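So this block is model-v7.pdb, PDB, C-alpha atoms:
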MODEL        1
ATOM      1  CA  MET X  26     177.933 -39.431  24.552
ATOM      2  CA  TYR X  27     178.688 -41.889  27.336
ATOM      3  CA  ARG X  28     179.222 -44.716  24.848
ATOM      4  CA  LEU X  29     181.520 -42.543  22.734
ATOM      5  CA  ARG X  30     183.597 -41.756  25.829
ATOM      6  CA  GLN X  31     183.879 -45.494  26.622
ATOM      7  CA  PHE X  32     184.955 -46.248  23.075
ATOM      8  CA  ILE X  33     187.647 -43.563  23.120
ATOM      9  CA  THR X  34     188.934 -44.801  26.500
ATOM     10  CA  PHE X  35     189.166 -48.366  25.190
ATOM     11  CA  CYS X  36     191.093 -47.244  22.090
ATOM     12  CA  LEU X  37     193.536 -45.284  24.224
ATOM     13  CA  PHE X  38     194.059 -48.382  26.404
ATOM     14  CA  LEU X  39     194.901 -50.491  23.344
ATOM     15  CA  LEU X  40     197.315 -47.826  22.117
ATOM     16  CA  VAL X  41     199.166 -47.704  25.449
ATOM     17  CA  VAL X  42     199.448 -51.525  25.559
ATOM     18  CA  GLY X  43     200.758 -51.601  22.011
ATOM     19  CA  ILE X  44     203.384 -48.957  22.754
ATOM     20  CA  SER X  45     204.447 -50.847  25.884
ATOM     21  CA  PHE X  46     205.043 -54.041  23.934
ATOM     22  CA  ASN X  47     207.052 -52.173  21.308
ATOM     23  CA  LEU X  48     209.216 -50.597  24.005
ATOM     24  CA  ASP X  49     209.875 -53.932  25.695
ATOM     25  CA  TYR X  50     210.916 -55.824  22.576
ATOM     26  CA  ASN X  51     212.123 -54.489  19.285
ATOM     27  CA  PRO X  52     214.443 -57.004  17.572
ATOM     28  CA  PHE X  53     215.735 -54.484  15.087
ATOM     29  CA  SER X  54     216.709 -52.041  17.840
ATOM     30  CA  GLU X  55     218.381 -54.804  19.866
ATOM     31  CA  ARG X  56     220.492 -55.893  16.912
ATOM     32  CA  GLU X  57     221.420 -52.310  16.212
ATOM     33  CA  GLY X  58     222.376 -51.861  19.866
ATOM     34  CA  GLU X  59     224.595 -54.929  19.882
ATOM     35  CA  GLN X  60     226.303 -53.811  16.684
ATOM     36  CA  LEU X  61     226.859 -50.356  18.159
ATOM     37  CA  ILE X  62     228.430 -51.841  21.320
ATOM     38  CA  GLN X  63     230.687 -54.120  19.266
ATOM     39  CA  THR X  64     231.728 -51.254  17.015
ATOM     40  CA  THR X  65     232.560 -49.090  20.032
ATOM     41  CA  ALA X  66     234.520 -51.903  21.678
ATOM     42  CA  LYS X  67     236.602 -52.514  18.564
ATOM     43  CA  ARG X  68     237.763 -48.882  18.673
ATOM     44  CA  ASP X  69     239.038 -49.370  22.230
ATOM     45  CA  PRO X  70     242.879 -49.649  22.363
ATOM     46  CA  LEU X  71     242.443 -52.576  24.816
ATOM     47  CA  TYR X  72     240.364 -54.498  22.263
ATOM     48  CA  GLN X  73     242.974 -53.806  19.601
ATOM     49  CA  GLU X  74     245.722 -55.061  21.937
ATOM     50  CA  ILE X  75     243.809 -58.299  22.573
ATOM     51  CA  LEU X  76     243.307 -58.699  18.819
ATOM     52  CA  GLN X  77     246.996 -58.059  18.125
ATOM     53  CA  LYS X  78     248.188 -60.554  20.758
ATOM     54  CA  SER X  79     245.550 -63.227  20.093
ATOM     55  CA  SER X  80     247.734 -65.000  17.542
ATOM     56  CA  ASP X  81     250.368 -65.596  20.254
ATOM     57  CA  TYR X  82     247.896 -67.805  22.123
ATOM     58  CA  ALA X  83     246.224 -69.503  19.171
ATOM     59  CA  GLU X  84     247.143 -73.057  18.190
ATOM     60  CA  GLU X  85     246.067 -74.988  15.124
ATOM     61  CA  ALA X  86     244.021 -78.145  15.645
ATOM     62  CA  GLN X  87     245.958 -81.308  14.832
ATOM     63  CA  ASP X  88     244.325 -84.010  12.715
ATOM     64  CA  ALA X  89     244.296 -87.682  13.649
ATOM     65  CA  TYR X  90     246.886 -89.649  11.676
ATOM     66  CA  ILE X  91     248.508 -93.047  11.272
ATOM     67  CA  ASP X  92     252.029 -93.168  12.692
ATOM     68  CA  LYS X  93     254.536 -95.620  11.207
ATOM     69  CA  VAL X  94     255.236 -97.095  14.649
ATOM     70  CA  TRP X  95     252.262 -96.202  16.857
ATOM     71  CA  LYS X  96     249.603 -96.618  14.158
ATOM     72  CA  LYS X  97     246.299 -94.741  14.695
ATOM     73  CA  THR X  98     246.955 -91.591  16.687
ATOM     74  CA  PRO X  99     244.141 -89.267  17.812
ATOM     75  CA  GLY X 100     244.084 -85.607  16.873
ATOM     76  CA  ARG X 101     244.137 -82.677  19.270
ATOM     77  CA  ASN X 102     241.890 -79.638  19.509
ATOM     78  CA  GLY X 103     243.320 -76.251  18.646
ATOM     79  CA  LEU X 104     242.908 -73.008  20.570
ATOM     80  CA  GLN X 105     241.584 -69.609  19.585
ATOM     81  CA  VAL X 106     240.931 -66.434  21.562
ATOM     82  CA  ASN X 107     237.328 -65.314  21.938
ATOM     83  CA  LEU X 108     237.892 -61.580  21.459
ATOM     84  CA  GLU X 109     234.545 -60.357  22.801
ATOM     85  CA  LYS X 110     234.650 -62.458  25.989
ATOM     86  CA  SER X 111     238.283 -61.594  26.620
ATOM     87  CA  TYR X 112     237.528 -57.892  26.190
ATOM     88  CA  ARG X 113     234.631 -58.084  28.644
ATOM     89  CA  ASN X 114     236.877 -59.874  31.158
ATOM     90  CA  MET X 115     239.493 -57.084  30.990
ATOM     91  CA  LYS X 116     237.269 -54.059  30.457
ATOM     92  CA  GLU X 117     236.941 -53.206  34.145
ATOM     93  CA  SER X 118     240.693 -52.956  34.717
ATOM     94  CA  GLY X 119     241.322 -51.500  31.279
ATOM     95  CA  GLU X 120     244.586 -53.440  30.964
ATOM     96  CA  PHE X 121     245.635 -56.548  29.069
ATOM     97  CA  ASP X 122     245.892 -59.632  31.306
ATOM     98  CA  GLU X 123     246.621 -62.994  29.711
ATOM     99  CA  ASN X 124     245.045 -64.725  32.702
ATOM    100  CA  LEU X 125     241.710 -63.192  31.680
ATOM    101  CA  LEU X 126     241.874 -64.399  28.074
ATOM    102  CA  SER X 127     238.933 -66.555  27.044
ATOM    103  CA  LEU X 128     240.304 -69.478  25.026
ATOM    104  CA  GLU X 129     238.075 -71.810  23.046
ATOM    105  CA  GLN X 130     238.939 -75.204  21.605
ATOM    106  CA  THR X 131     238.580 -75.851  17.876
ATOM    107  CA  SER X 132     238.087 -79.305  16.383
ATOM    108  CA  PRO X 133     240.438 -80.931  13.870
ATOM    109  CA  LYS X 134     239.165 -81.826  10.412
ATOM    110  CA  ILE X 135     240.179 -85.499  10.624
ATOM    111  CA  SER X 136     239.222 -87.695  13.586
ATOM    112  CA  LEU X 137     240.016 -91.300  14.508
ATOM    113  CA  GLU X 138     236.718 -92.347  12.935
ATOM    114  CA  ASP X 139     237.906 -91.020   9.567
ATOM    115  CA  LEU X 140     241.044 -93.188   9.495
ATOM    116  CA  PRO X 141     241.269 -96.663   7.953
ATOM    117  CA  SER X 142     241.434 -99.814  10.067
ATOM    118  CA  ALA X 143     244.538 -99.862  12.294
ATOM    119  CA  PRO X 144     245.338-100.514  15.970
ATOM    120  CA  ILE X 145     245.735 -97.774  18.583
ATOM    121  CA  TYR X 146     248.657 -97.814  20.994
ATOM    122  CA  ARG X 147     248.499 -94.392  22.666
ATOM    123  CA  GLY X 148     246.789 -91.069  23.070
ATOM    124  CA  HIS X 149     248.042 -87.870  21.475
ATOM    125  CA  PRO X 150     251.766 -87.510  22.305
ATOM    126  CA  GLU X 151     251.220 -84.026  23.744
ATOM    127  CA  LYS X 152     248.227 -84.910  25.929
ATOM    128  CA  GLU X 153     249.179 -84.864  29.614
ATOM    129  CA  MET X 154     247.008 -87.847  30.412
ATOM    130  CA  VAL X 155     247.501 -91.611  30.775
ATOM    131  CA  ALA X 156     245.082 -94.546  30.965
ATOM    132  CA  PHE X 157     245.087 -97.807  32.906
ATOM    133  CA  LEU X 158     244.116-100.797  30.753
ATOM    134  CA  ILE X 159     243.175-103.766  32.961
ATOM    135  CA  ASN X 160     242.857-107.015  31.001
ATOM    136  CA  VAL X 161     240.657-109.503  32.849
ATOM    137  CA  SER X 162     240.452-113.241  32.189
ATOM    138  CA  TRP X 163     241.356-114.398  35.736
ATOM    139  CA  GLY X 164     242.086-112.808  39.125
ATOM    140  CA  ALA X 165     238.521-112.273  40.338
ATOM    141  CA  GLU X 166     239.718-112.203  43.954
ATOM    142  CA  TYR X 167     241.684-108.991  43.370
ATOM    143  CA  ILE X 168     238.966-106.996  41.580
ATOM    144  CA  PRO X 169     237.245-105.612  44.739
ATOM    145  CA  ASP X 170     240.524-104.268  46.181
ATOM    146  CA  ILE X 171     241.467-102.676  42.845
ATOM    147  CA  LEU X 172     238.049-101.030  42.589
ATOM    148  CA  LYS X 173     238.356 -99.789  46.169
ATOM    149  CA  GLU X 174     241.680 -98.071  45.427
ATOM    150  CA  LEU X 175     240.429 -96.567  42.161
ATOM    151  CA  LYS X 176     237.395 -95.157  43.965
ATOM    152  CA  LYS X 177     239.550 -93.789  46.776
ATOM    153  CA  GLU X 178     241.809 -91.989  44.280
ATOM    154  CA  LYS X 179     238.854 -90.879  42.103
ATOM    155  CA  VAL X 180     240.301 -92.531  39.014
ATOM    156  CA  LYS X 181     238.399 -94.290  36.235
ATOM    157  CA  ALA X 182     240.048 -97.160  34.359
ATOM    158  CA  THR X 183     239.235 -99.344  31.363
ATOM    159  CA  PHE X 184     238.625-103.050  32.017
ATOM    160  CA  PHE X 185     238.942-105.328  28.985
ATOM    161  CA  ILE X 186     236.943-108.382  30.006
ATOM    162  CA  GLU X 187     236.977-111.885  28.533
ATOM    163  CA  GLY X 188     233.527-113.147  27.545
ATOM    164  CA  LYS X 189     233.826-116.461  29.378
ATOM    165  CA  TRP X 190     235.018-114.696  32.550
ATOM    166  CA  ALA X 191     232.179-112.163  32.285
ATOM    167  CA  LYS X 192     229.613-114.971  32.080
ATOM    168  CA  GLU X 193     231.041-116.571  35.227
ATOM    169  CA  ASN X 194     231.474-113.278  37.135
ATOM    170  CA  ALA X 195     228.484-111.190  36.109
ATOM    171  CA  GLU X 196     228.205-109.472  39.504
ATOM    172  CA  LEU X 197     231.798-108.237  39.312
ATOM    173  CA  VAL X 198     231.185-106.967  35.776
ATOM    174  CA  LYS X 199     228.164-105.032  37.073
ATOM    175  CA  MET X 200     230.222-103.654  39.949
ATOM    176  CA  ILE X 201     232.926-102.424  37.590
ATOM    177  CA  SER X 202     230.369-100.739  35.337
ATOM    178  CA  GLU X 203     228.356 -99.221  38.199
ATOM    179  CA  GLN X 204     231.488 -97.514  39.516
ATOM    180  CA  GLY X 205     231.888 -95.636  36.236
ATOM    181  CA  HIS X 206     234.699 -97.587  34.619
ATOM    182  CA  VAL X 207     234.704 -98.372  30.903
ATOM    183  CA  ILE X 208     234.311-102.010  29.938
ATOM    184  CA  GLY X 209     235.997-103.290  26.799
ATOM    185  CA  ASN X 210     236.148-106.618  24.988
ATOM    186  CA  HIS X 211     239.003-109.128  25.528
ATOM    187  CA  ALA X 212     237.655-111.915  23.238
ATOM    188  CA  TYR X 213     235.709-114.901  24.529
ATOM    189  CA  ASN X 214     238.286-117.411  25.797
ATOM    190  CA  HIS X 215     241.706-115.782  25.346
ATOM    191  CA  PRO X 216     242.797-117.388  22.070
ATOM    192  CA  ASP X 217     245.737-116.386  19.876
ATOM    193  CA  MET X 218     243.545-114.574  17.397
ATOM    194  CA  VAL X 219     246.212-114.487  14.711
ATOM    195  CA  ARG X 220     245.751-118.258  14.377
ATOM    196  CA  LEU X 221     241.985-118.017  13.911
ATOM    197  CA  SER X 222     239.989-117.652  10.720
ATOM    198  CA  ASN X 223     238.293-114.344   9.983
ATOM    199  CA  GLN X 224     234.922-115.822  10.939
ATOM    200  CA  LYS X 225     236.273-117.166  14.240
ATOM    201  CA  ASN X 226     237.752-113.750  15.050
ATOM    202  CA  ILE X 227     234.371-112.133  14.508
ATOM    203  CA  GLU X 228     232.689-114.790  16.665
ATOM    204  CA  GLN X 229     235.177-114.270  19.518
ATOM    205  CA  ILE X 230     234.479-110.537  19.576
ATOM    206  CA  SER X 231     230.743-110.502  18.851
ATOM    207  CA  SER X 232     229.864-113.249  21.340
ATOM    208  CA  THR X 233     231.727-111.360  24.069
ATOM    209  CA  ASN X 234     229.894-108.165  23.141
ATOM    210  CA  GLU X 235     226.576-109.988  23.483
ATOM    211  CA  ILE X 236     227.477-111.340  26.928
ATOM    212  CA  ILE X 237     228.662-107.971  28.233
ATOM    213  CA  LYS X 238     225.644-106.143  26.829
ATOM    214  CA  ALA X 239     223.334-108.668  28.515
ATOM    215  CA  ILE X 240     225.014-107.861  31.843
ATOM    216  CA  ILE X 241     225.399-104.050  31.715
ATOM    217  CA  ASP X 242     223.033-103.130  28.857
ATOM    218  CA  GLU X 243     225.869-101.496  26.937
ATOM    219  CA  GLU X 244     227.921-102.872  24.071
ATOM    220  CA  PRO X 245     231.712-102.394  24.218
ATOM    221  CA  LYS X 246     233.389-100.076  21.709
ATOM    222  CA  TRP X 247     236.968-101.102  22.483
ATOM    223  CA  PHE X 248     238.738-104.393  21.812
ATOM    224  CA  ALA X 249     242.023-105.600  23.329
ATOM    225  CA  PRO X 250     243.387-108.742  21.629
ATOM    226  CA  PRO X 251     244.567-111.402  24.117
ATOM    227  CA  SER X 252     248.329-111.229  24.727
ATOM    228  CA  GLY X 253     248.461-108.335  22.256
ATOM    229  CA  SER X 254     248.544-110.832  19.390
ATOM    230  CA  TYR X 255     247.034-109.364  16.240
ATOM    231  CA  ASN X 256     247.356-108.970  12.509
ATOM    232  CA  GLN X 257     245.369-106.923  10.011
ATOM    233  CA  HIS X 258     242.621-109.549   9.849
ATOM    234  CA  VAL X 259     242.099-109.256  13.619
ATOM    235  CA  VAL X 260     241.979-105.461  13.480
ATOM    236  CA  ASP X 261     239.596-105.575  10.515
ATOM    237  CA  ALA X 262     237.271-107.953  12.382
ATOM    238  CA  ALA X 263     236.952-105.425  15.222
ATOM    239  CA  HIS X 264     236.702-102.503  12.782
ATOM    240  CA  ASN X 265     233.826-104.202  10.944
ATOM    241  CA  LEU X 266     232.020-104.436  14.286
ATOM    242  CA  ASN X 267     232.520-100.663  14.756
ATOM    243  CA  MET X 268     235.222-101.181  17.397
ATOM    244  CA  HIS X 269     238.770 -99.907  17.880
ATOM    245  CA  THR X 270     241.642-102.285  18.614
ATOM    246  CA  ILE X 271     243.620-101.141  21.650
ATOM    247  CA  LEU X 272     247.194-102.081  22.583
ATOM    248  CA  TRP X 273     249.592-100.456  25.075
ATOM    249  CA  THR X 274     252.834 -98.516  25.423
ATOM    250  CA  VAL X 275     253.746 -99.331  29.055
ATOM    251  CA  ASP X 276     253.622-102.843  30.502
ATOM    252  CA  THR X 277     253.605-103.540  34.249
ATOM    253  CA  ILE X 278     254.463-107.231  33.548
ATOM    254  CA  ASP X 279     252.471-107.876  36.718
ATOM    255  CA  TRP X 280     251.718-111.472  35.689
ATOM    256  CA  LYS X 281     255.299-112.313  36.710
ATOM    257  CA  ASN X 282     254.374-111.374  40.307
ATOM    258  CA  PRO X 283     256.848-108.510  40.805
ATOM    259  CA  THR X 284     257.081-106.603  44.070
ATOM    260  CA  VAL X 285     255.060-103.395  44.228
ATOM    261  CA  SER X 286     258.199-101.250  43.991
ATOM    262  CA  VAL X 287     259.463-103.125  40.916
ATOM    263  CA  MET X 288     256.072-102.761  39.228
ATOM    264  CA  ILE X 289     255.868 -99.041  39.962
ATOM    265  CA  ASN X 290     259.429 -98.434  38.770
ATOM    266  CA  ARG X 291     258.662-100.167  35.475
ATOM    267  CA  VAL X 292     255.837 -97.723  34.899
ATOM    268  CA  ASN X 293     257.729 -94.634  36.057
ATOM    269  CA  ASP X 294     260.677 -95.406  33.769
ATOM    270  CA  LYS X 295     258.462 -95.407  30.666
ATOM    271  CA  LEU X 296     255.730 -92.939  31.594
ATOM    272  CA  HIS X 297     254.948 -90.403  28.866
ATOM    273  CA  PRO X 298     252.069 -88.188  27.650
ATOM    274  CA  GLY X 299     249.332 -90.296  26.107
ATOM    275  CA  ALA X 300     250.587 -93.527  27.723
ATOM    276  CA  THR X 301     248.433 -96.635  27.910
ATOM    277  CA  ILE X 302     249.469 -98.747  30.918
ATOM    278  CA  LEU X 303     248.728-102.475  30.756
ATOM    279  CA  MET X 304     247.902-104.385  33.922
ATOM    280  CA  HIS X 305     245.900-107.352  35.182
ATOM    281  CA  PRO X 306     244.008-108.142  38.402
ATOM    282  CA  THR X 307     247.065-109.396  40.276
ATOM    283  CA  GLU X 308     248.321-109.077  43.836
ATOM    284  CA  SER X 309     250.962-106.487  42.910
ATOM    285  CA  ILE X 310     248.323-104.310  41.223
ATOM    286  CA  ALA X 311     245.846-104.690  44.086
ATOM    287  CA  GLU X 312     248.537-103.566  46.539
ATOM    288  CA  GLY X 313     250.324-101.054  44.345
ATOM    289  CA  ILE X 314     247.718 -99.294  42.216
ATOM    290  CA  GLY X 315     247.075 -96.650  44.901
ATOM    291  CA  PRO X 316     250.750 -95.622  45.278
ATOM    292  CA  LEU X 317     251.150 -95.818  41.488
ATOM    293  CA  ILE X 318     248.248 -93.424  40.939
ATOM    294  CA  ARG X 319     249.719 -90.935  43.397
ATOM    295  CA  GLN X 320     253.108 -91.035  41.678
ATOM    296  CA  VAL X 321     251.544 -90.583  38.249
ATOM    297  CA  LYS X 322     249.640 -87.548  39.531
ATOM    298  CA  GLN X 323     252.796 -86.111  41.114
ATOM    299  CA  LYS X 324     254.415 -86.193  37.681
ATOM    300  CA  GLY X 325     251.635 -83.915  36.428
ATOM    301  CA  PHE X 326     249.563 -86.449  34.507
ATOM    302  CA  LYS X 327     245.806 -86.863  34.647
ATOM    303  CA  LEU X 328     244.354 -90.372  34.606
ATOM    304  CA  GLY X 329     241.310 -91.277  32.548
ATOM    305  CA  THR X 330     239.522 -93.991  30.617
ATOM    306  CA  ILE X 331     240.523 -94.953  27.104
ATOM    307  CA  GLU X 332     237.640 -92.778  25.872
ATOM    308  CA  LYS X 333     238.986 -89.734  27.690
ATOM    309  CA  LEU X 334     242.552 -90.405  26.562
ATOM    310  CA  LEU X 335     241.636 -90.736  22.905
ATOM    311  CA  ASN X 336     239.262 -87.810  22.601
ATOM    312  CA  GLU X 337     240.516 -84.577  21.052
ATOM    313  CA  GLU X 338     240.101 -82.386  24.107
ATOM    314  CA  ARG X 339     243.259 -80.784  25.416
TER     315      ARG X 339
ENDMDL
END
Show this structure as structure tokens.
Amino acid sequence: MYRLRQFITFCLFLLVVGISFNLDYNPFSEREGEQLIQTTAKRDPLYQEILQKSSDYAEEAQDAYIDKVWKKTPGRNGLQVNLEKSYRNMKESGEFDENLLSLEQTSPKISLEDLPSAPIYRGHPEKEMVAFLINVSWGAEYIPDILKELKKEKVKATFFIEGKWAKENAELVKMISEQGHVIGNHAYNHPDMVRLSNQKNIEQISSTNEIIKAIIDEEPKWFAPPSGSYNQHVVDAAHNLNMHTILWTVDTIDWKNPTVSVMINRVNDKLHPGATILMHPTESIAEGIGPLIRQVKQKGFKLGTIEKLLNEER
């Protein structure tokens, strides 16, 4: 009798444990509950209002394309309203509030990587961002001051570095990279690449990539042809090395040693969404990059690397 009582007690214990587990987790019931909540929400006039107005805030994603003048142009993410999140944000007040809309970005179907070989001059023409492109084949004495100002203003730039210069100034290359700036390729010894054979073009780019990778353990993805001199063979050489050829839309012409005010005015007169601003490590840049950054920001533009400028994020 005692053993029978123990057996019955043990069975009851197992039954209680089993019921407890079923109460804590029942996937079918959870799914049903979520569906019930969603169904109830969709009957709410507030949810219907959000649904009705969602098209006013939606924007189609724009594919990357090749412009007749500006060549490869990145696409831009679209926008769509997340109905459920927006409803939850407004449910407490019970009233529609566009400030509480939850907007999500949608990707375009065609990206830069899908386009054929062509140079890139700018970011998307509606992107409120610009990028500093600093071509480096001389001017080592100005690099520390430029980096100091960029750090002070919390701005990241893109430095296109010549292979020969990188070999001779490895510590500066490391310093640039360690401060979070993007390092690109500016050929090995600043030739006019249009005058070179296809093989020589490849050698100029690949040898520079090898030098930079040996210094910072990262291979450049971006190539800026010296003096902006290029033809299709030059662009194809970079493309075949899985790199994009980068040019510019705004030139500081700092190599002519302008005053800081002249340099800044040149930029301000041509500033536009998606701008790429060419500069070098010169005295006018070392002295004027801080004030220039502040003026660019005052005009409502963000500043970022070439990677940030060319991505599809809004």
Quick one: which stretch 144-216 of chain X residues come within 6 Å of stretch 247-252 of chain X, and what is the nearest atom pair for each with the distance in Å to one decimal, counting only C-alpha atoms, rows ordered by chain and ascending number, as JSON lines?
{"residue": "X:Gly209", "atom": "CA", "partner": "X:Trp247", "partner_atom": "CA", "distance": 4.9}
{"residue": "X:Asn210", "atom": "CA", "partner": "X:Phe248", "partner_atom": "CA", "distance": 4.7}
{"residue": "X:His211", "atom": "CA", "partner": "X:Ala249", "partner_atom": "CA", "distance": 5.1}
{"residue": "X:His215", "atom": "CA", "partner": "X:Pro251", "partner_atom": "CA", "distance": 5.4}
Need the shell around X:Glu123: protein/DNA/RNA residues with any atom at most 12 Å away, counting all atoms listed in the file. Skip same-chain ones fewer than 6 positions apart. Format as a ChimeraX atom specification? /X:74-75,78-79,81-82,106,111-112,114-115
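If you look at atom CA of X:Ile310 and atom CA of X:Lys246, they are 24.9 Å away from each other.
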Starting from the shown file, work through the PyMOL selection byres ((chain X and resi 196-200) around 12) and note down what comes out as an mmCIF file with C-alpha atoms, in the frame of the given file.
data_model
loop_
_atom_site.group_PDB
_atom_site.id
_atom_site.type_symbol
_atom_site.label_atom_id
_atom_site.label_comp_id
_atom_site.auth_asym_id
_atom_site.auth_seq_id
_atom_site.Cartn_x
_atom_site.Cartn_y
_atom_site.Cartn_z
ATOM 1 C CA VAL X 161 240.657 -109.503 32.849
ATOM 2 C CA SER X 162 240.452 -113.241 32.189
ATOM 3 C CA TRP X 163 241.356 -114.398 35.736
ATOM 4 C CA GLY X 164 242.086 -112.808 39.125
ATOM 5 C CA ALA X 165 238.521 -112.273 40.338
ATOM 6 C CA GLU X 166 239.718 -112.203 43.954
ATOM 7 C CA TYR X 167 241.684 -108.991 43.370
ATOM 8 C CA ILE X 168 238.966 -106.996 41.580
ATOM 9 C CA PRO X 169 237.245 -105.612 44.739
ATOM 10 C CA ASP X 170 240.524 -104.268 46.181
ATOM 11 C CA ILE X 171 241.467 -102.676 42.845
ATOM 12 C CA LEU X 172 238.049 -101.030 42.589
ATOM 13 C CA LYS X 173 238.356 -99.789 46.169
ATOM 14 C CA LYS X 176 237.395 -95.157 43.965
ATOM 15 C CA THR X 183 239.235 -99.344 31.363
ATOM 16 C CA PHE X 184 238.625 -103.050 32.017
ATOM 17 C CA PHE X 185 238.942 -105.328 28.985
ATOM 18 C CA ILE X 186 236.943 -108.382 30.006
ATOM 19 C CA GLU X 187 236.977 -111.885 28.533
ATOM 20 C CA GLY X 188 233.527 -113.147 27.545
ATOM 21 C CA LYS X 189 233.826 -116.461 29.378
ATOM 22 C CA TRP X 190 235.018 -114.696 32.550
ATOM 23 C CA ALA X 191 232.179 -112.163 32.285
ATOM 24 C CA LYS X 192 229.613 -114.971 32.080
ATOM 25 C CA GLU X 193 231.041 -116.571 35.227
ATOM 26 C CA ASN X 194 231.474 -113.278 37.135
ATOM 27 C CA ALA X 195 228.484 -111.190 36.109
ATOM 28 C CA ILE X 201 232.926 -102.424 37.590
ATOM 29 C CA SER X 202 230.369 -100.739 35.337
ATOM 30 C CA GLU X 203 228.356 -99.221 38.199
ATOM 31 C CA GLN X 204 231.488 -97.514 39.516
ATOM 32 C CA GLY X 205 231.888 -95.636 36.236
ATOM 33 C CA HIS X 206 234.699 -97.587 34.619
ATOM 34 C CA VAL X 207 234.704 -98.372 30.903
ATOM 35 C CA ILE X 208 234.311 -102.010 29.938
ATOM 36 C CA GLY X 209 235.997 -103.290 26.799
ATOM 37 C CA ASN X 210 236.148 -106.618 24.988
ATOM 38 C CA ILE X 236 227.477 -111.340 26.928
ATOM 39 C CA ILE X 237 228.662 -107.971 28.233
ATOM 40 C CA LYS X 238 225.644 -106.143 26.829
ATOM 41 C CA ALA X 239 223.334 -108.668 28.515
ATOM 42 C CA ILE X 240 225.014 -107.861 31.843
ATOM 43 C CA ILE X 241 225.399 -104.050 31.715
ATOM 44 C CA ASP X 242 223.033 -103.130 28.857
ATOM 45 C CA GLU X 243 225.869 -101.496 26.937
#
Written as an NGL selection string, what is the full residue list that the PyMOL selection byres ((chain X and resi 97) around 12) yields on the file shown? :X and (88-96 or 98-100 or 135-150 or 260 or 269-272 or 335)
Write to file, as a CSV table (one decimal), in the coordinates of the input, the residues of the selection just made, with C-alpha atoms.
chain,number,residue,atom,x,y,z
X,88,ASP,CA,244.3,-84.0,12.7
X,89,ALA,CA,244.3,-87.7,13.6
X,90,TYR,CA,246.9,-89.6,11.7
X,91,ILE,CA,248.5,-93.0,11.3
X,92,ASP,CA,252.0,-93.2,12.7
X,93,LYS,CA,254.5,-95.6,11.2
X,94,VAL,CA,255.2,-97.1,14.6
X,95,TRP,CA,252.3,-96.2,16.9
X,96,LYS,CA,249.6,-96.6,14.2
X,98,THR,CA,247.0,-91.6,16.7
X,99,PRO,CA,244.1,-89.3,17.8
X,100,GLY,CA,244.1,-85.6,16.9
X,135,ILE,CA,240.2,-85.5,10.6
X,136,SER,CA,239.2,-87.7,13.6
X,137,LEU,CA,240.0,-91.3,14.5
X,138,GLU,CA,236.7,-92.3,12.9
X,139,ASP,CA,237.9,-91.0,9.6
X,140,LEU,CA,241.0,-93.2,9.5
X,141,PRO,CA,241.3,-96.7,8.0
X,142,SER,CA,241.4,-99.8,10.1
X,143,ALA,CA,244.5,-99.9,12.3
X,144,PRO,CA,245.3,-100.5,16.0
X,145,ILE,CA,245.7,-97.8,18.6
X,146,TYR,CA,248.7,-97.8,21.0
X,147,ARG,CA,248.5,-94.4,22.7
X,148,GLY,CA,246.8,-91.1,23.1
X,149,HIS,CA,248.0,-87.9,21.5
X,150,PRO,CA,251.8,-87.5,22.3
X,260,VAL,CA,242.0,-105.5,13.5
X,269,HIS,CA,238.8,-99.9,17.9
X,270,THR,CA,241.6,-102.3,18.6
X,271,ILE,CA,243.6,-101.1,21.6
X,272,LEU,CA,247.2,-102.1,22.6
X,335,LEU,CA,241.6,-90.7,22.9
Atom CA of X:Gly119 to atom CA of X:Lys67, distance in Å rounded to a single decimal: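 These two atoms are separated by 13.6 Å.
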Given the choices X:Met268, X:Leu303, X:Met154, X:Leu296, which gets closest to X:Gly253 if the distance is worked out from all atoms listed in the file?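 Result for the nearest residue to X:Gly253: X:Leu303.
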Evaluate the PyMOL selection byres ((chain X and resi 85) around 12) here and jot the selected residues down as number ranges by chain. X: 80-84, 86-88, 100-106, 129-134
Which neighbours of X:Ile227 fall inside 9 Å, counting all atoms listed in the file, when residues of the same chain fewer than 3 positions from it are skipped, and could you give them as number ranges by chain? X: 222-224, 230-232, 259, 262-263, 265-266
Hey, which of X:Pro283, X:Pro70, X:Pro216, X:Pro245 ends up closest to X:Thr307? Count only C-alpha atoms.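 Closest to X:Thr307, using only C-alpha atoms: X:Pro283.
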What gap, in Å, lies between atom CA of X:Asn267 and atom CA of X:Glu244?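 Between atom CA of X:Asn267 and atom CA of X:Glu244 the gap works out to 10.6 Å.
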Would you tabulate, counting only C-alpha atoms, all residues of stretch 166-258 of chain X that have an atom at most 12 Å from an atom of stretch 319-324 of chain X, showing the closest pair of atoms and their distance in Å to one decimal, sorted by chain then ascending number, as JSON lines?
{"residue": "X:Glu174", "atom": "CA", "partner": "X:Arg319", "partner_atom": "CA", "distance": 10.9}
{"residue": "X:Leu175", "atom": "CA", "partner": "X:Arg319", "partner_atom": "CA", "distance": 10.9}
{"residue": "X:Lys177", "atom": "CA", "partner": "X:Arg319", "partner_atom": "CA", "distance": 11.1}
{"residue": "X:Glu178", "atom": "CA", "partner": "X:Arg319", "partner_atom": "CA", "distance": 8.0}
{"residue": "X:Lys179", "atom": "CA", "partner": "X:Arg319", "partner_atom": "CA", "distance": 10.9}
{"residue": "X:Val180", "atom": "CA", "partner": "X:Arg319", "partner_atom": "CA", "distance": 10.5}
Output as JSON the centre and edge lengths (Å, one decimal) of the box along x, y and z of the file that holds every listed atom of stretch 121-126 of chain X after adding 5 Å on each side.
{"center_x": 244.2, "center_y": -60.6, "center_z": 30.4, "size_x": 14.9, "size_y": 18.2, "size_z": 14.6}
Counting only C-alpha atoms, closest pick from X:Asp279, X:Glu312, X:Asp122, X:Glu153 relative to X:Glu338 is X:Glu153
